[in-house]
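> Take a look at the following structure, please.
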Amino acid sequence: MSIPLYSFLFAYILFLIFFVIFYILIVYHIHISASYTIFSFFITFFVGTCAILTFYFTWHLLSDVDWKKRVVLFENNSMTLFEKPAPIPLDENVPGTQDEVNFN
Amino acid sequence: MDIARFIKKKSYEKIELVLRRHVITFLAHVFLFALLMLAPVIFYFILKNLFPGIFEMEIIYIFLVLGTSIFYMTAYLLFFVHFLDYYLDLWIVTNDRIIDIEQFGLFSRTISELDLFRIQDVTSNVHGFFPTMLNYGNIHVKTASSNIDIVFRNVRDPNTIREQLIKLSDEDRKFHYKQDKDENQ
């Protein structure tokens, strides 16, 4: 079974949405608690900037990836569960694998 | 929203003190945050030395980059939540009452109010090396009733604040006594 590489991006985007929701929630808490001061603004700005920079570097590092490529998770050949495995072909050039060994 | 609107300040009320915990109590979280920031860098160098070709494998590279990004974003959120927990612990003293706002994490907050004239006892204590050097500590405000006691945790200059609270409490008691006397006459 194989999946395209961009499947992993969906999980990452889901996490980013989660991050943005919580960030907005915290800023809202600061606002409604009358705690919107220079110090809280600085921390909010610092966290927001760090998040944006992290996202930018992630995008930059992954910009050369071919996301349409498929990655194999596991081999799933169900026919091999019920049939005898095919005999391994013997190599004629390797000594010992032939029926008769010629000592001459 | 400003503090006056937040506490629904009455017309005769005047905000005397707005207190927060000393910034030193937040420094532990700053150090933890700094350590979390360094962890992926150290992990990168360890991986590079142990498995030199690991970053050449595309799928591993993608997992490491996305995983590191998620780790850093989670660290930022954790830091921000700890900041919220620290900064939203607020004590507002007016000439009429004390309002104690304590934030516990992201989804829990307790607000207590206490009229100044009900204060019976104010105790300040400073324990430990750093509190003594940096002059911060706790102030316990007790009333006659055992229902509500307010504790100002790790506030700056607790002795001066204690004296101010006693003075404000005396003035408020005199004001209420005078009011009662005028009503009875």
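Naming works like this for the structure tokens: A, B, ... for the chains as they're shown, residue 1 at the start of each chain, ligands 1 onward in shown order.
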Show me a table, sorted first by chain and then by increasing residue number, of the residues of chain A having an atom at most 9 Å from chain B, each with its shortest atom pair and the distance in Å to one decimal, counting only C-alpha atoms and written as a tab-separated table.

residue	atom	partner	partner_atom	distance
A:Leu5	CA	B:Ile59	CA	8.3
A:Phe8	CA	B:Phe63	CA	8.5
A:Leu9	CA	B:Leu66	CA	8.4
A:Tyr12	CA	B:Leu66	CA	7.1
A:Phe15	CA	B:Ile70	CA	7.5
A:Leu16	CA	B:Met73	CA	8.3
A:Phe19	CA	B:Met73	CA	7.3
A:Phe22	CA	B:Leu77	CA	7.6
A:Tyr23	CA	B:Leu77	CA	7.2
A:Leu25	CA	B:Leu106	CA	8.6
A:Ile26	CA	B:Leu84	CA	7.2
A:His29	CA	B:Leu84	CA	8.0
A:Ile30	CA	B:Leu84	CA	7.3
A:His31	CA	B:Met1	CA	6.3
A:Ile32	CA	B:Met1	CA	5.9
A:Ser33	CA	B:Phe6	CA	6.9
A:Ala34	CA	B:Asp2	CA	5.0
A:Ser35	CA	B:Leu88	CA	6.8
A:Tyr36	CA	B:Met1	CA	7.9
A:Ser40	CA	B:Tyr87	CA	7.8
A:Ile43	CA	B:Phe80	CA	7.8
A:Thr44	CA	B:Phe80	CA	7.7
A:Val47	CA	B:Tyr76	CA	6.1
A:Gly48	CA	B:Tyr76	CA	8.7
A:Cys50	CA	B:Tyr76	CA	7.7
A:Ala51	CA	B:Met73	CA	6.3
A:Thr54	CA	B:Ser69	CA	6.4
A:Phe55	CA	B:Ser69	CA	7.2
A:Phe57	CA	B:Ser69	CA	8.7
A:Thr58	CA	B:Ser69	CA	6.5
A:Leu61	CA	B:Val65	CA	7.5
A:Leu62	CA	B:Ile62	CA	7.1
A:Val65	CA	B:Glu58	CA	8.0
A:Val71	CA	B:Ile59	CA	7.9
> Can you measure atom CA of B:Thr123 to atom CA of B:Ser169 for me? One decimal in Å is fine.
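We find that atom CA of B:Thr123 and atom CA of B:Ser169 lie 13.6 Å from each other.
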> If you run DSSP on the backbone, which residues of stretch 2-184 of chain B are strand (DSSP E or B), as a count of residues only?
48
> Excluding same-chain residues fewer than 2 positions from B:Lys9, what lies within 12 Å of it counting only C-alpha atoms, as a list in words?
Asp2, Ile3, Ala4, Arg5, Phe6, Ile7, Ser11, Tyr12, Glu13, Lys14, Ile15, Glu16, Ile92, Val93, Thr94, Asn95, Asp96, Arg97, Ile98 and Ile99 of chain B
> So that I can see what lies close to B:Val122, please list as number ranges by chain the residues with an atom at most 10 Å from it, counting only C-alpha atoms and leaving out residues fewer than 2 positions away in the same chain.
B: 119-120, 124, 139-143, 150-151, 161-163, 165-166, 169
> Just checking: using only C-alpha atoms, which residue out of B:Phe33, B:Phe51, B:Phe152, B:Phe71 ends up closest to B:Val18?
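Answer, going by the shortest atom-to-atom distance: B:Phe152.
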> I'd like the contact shell of B:Val30 - 10 Å cut-off, only C-alpha atoms, skipping same-chain residues fewer than 4 positions apart - returned as a list in words.
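Close residues of B:Val30: Ile24, Thr25, Phe26, Ala34, Leu35, Leu36, Phe79, His82 and Phe83 of chain B.
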> Quick check, in Å to one decimal: how far apart do atom CA of B:Asn138 and atom CA of B:Val126 lie?
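Separation between atom CA of B:Asn138 and atom CA of B:Val126: 6.6 Å.
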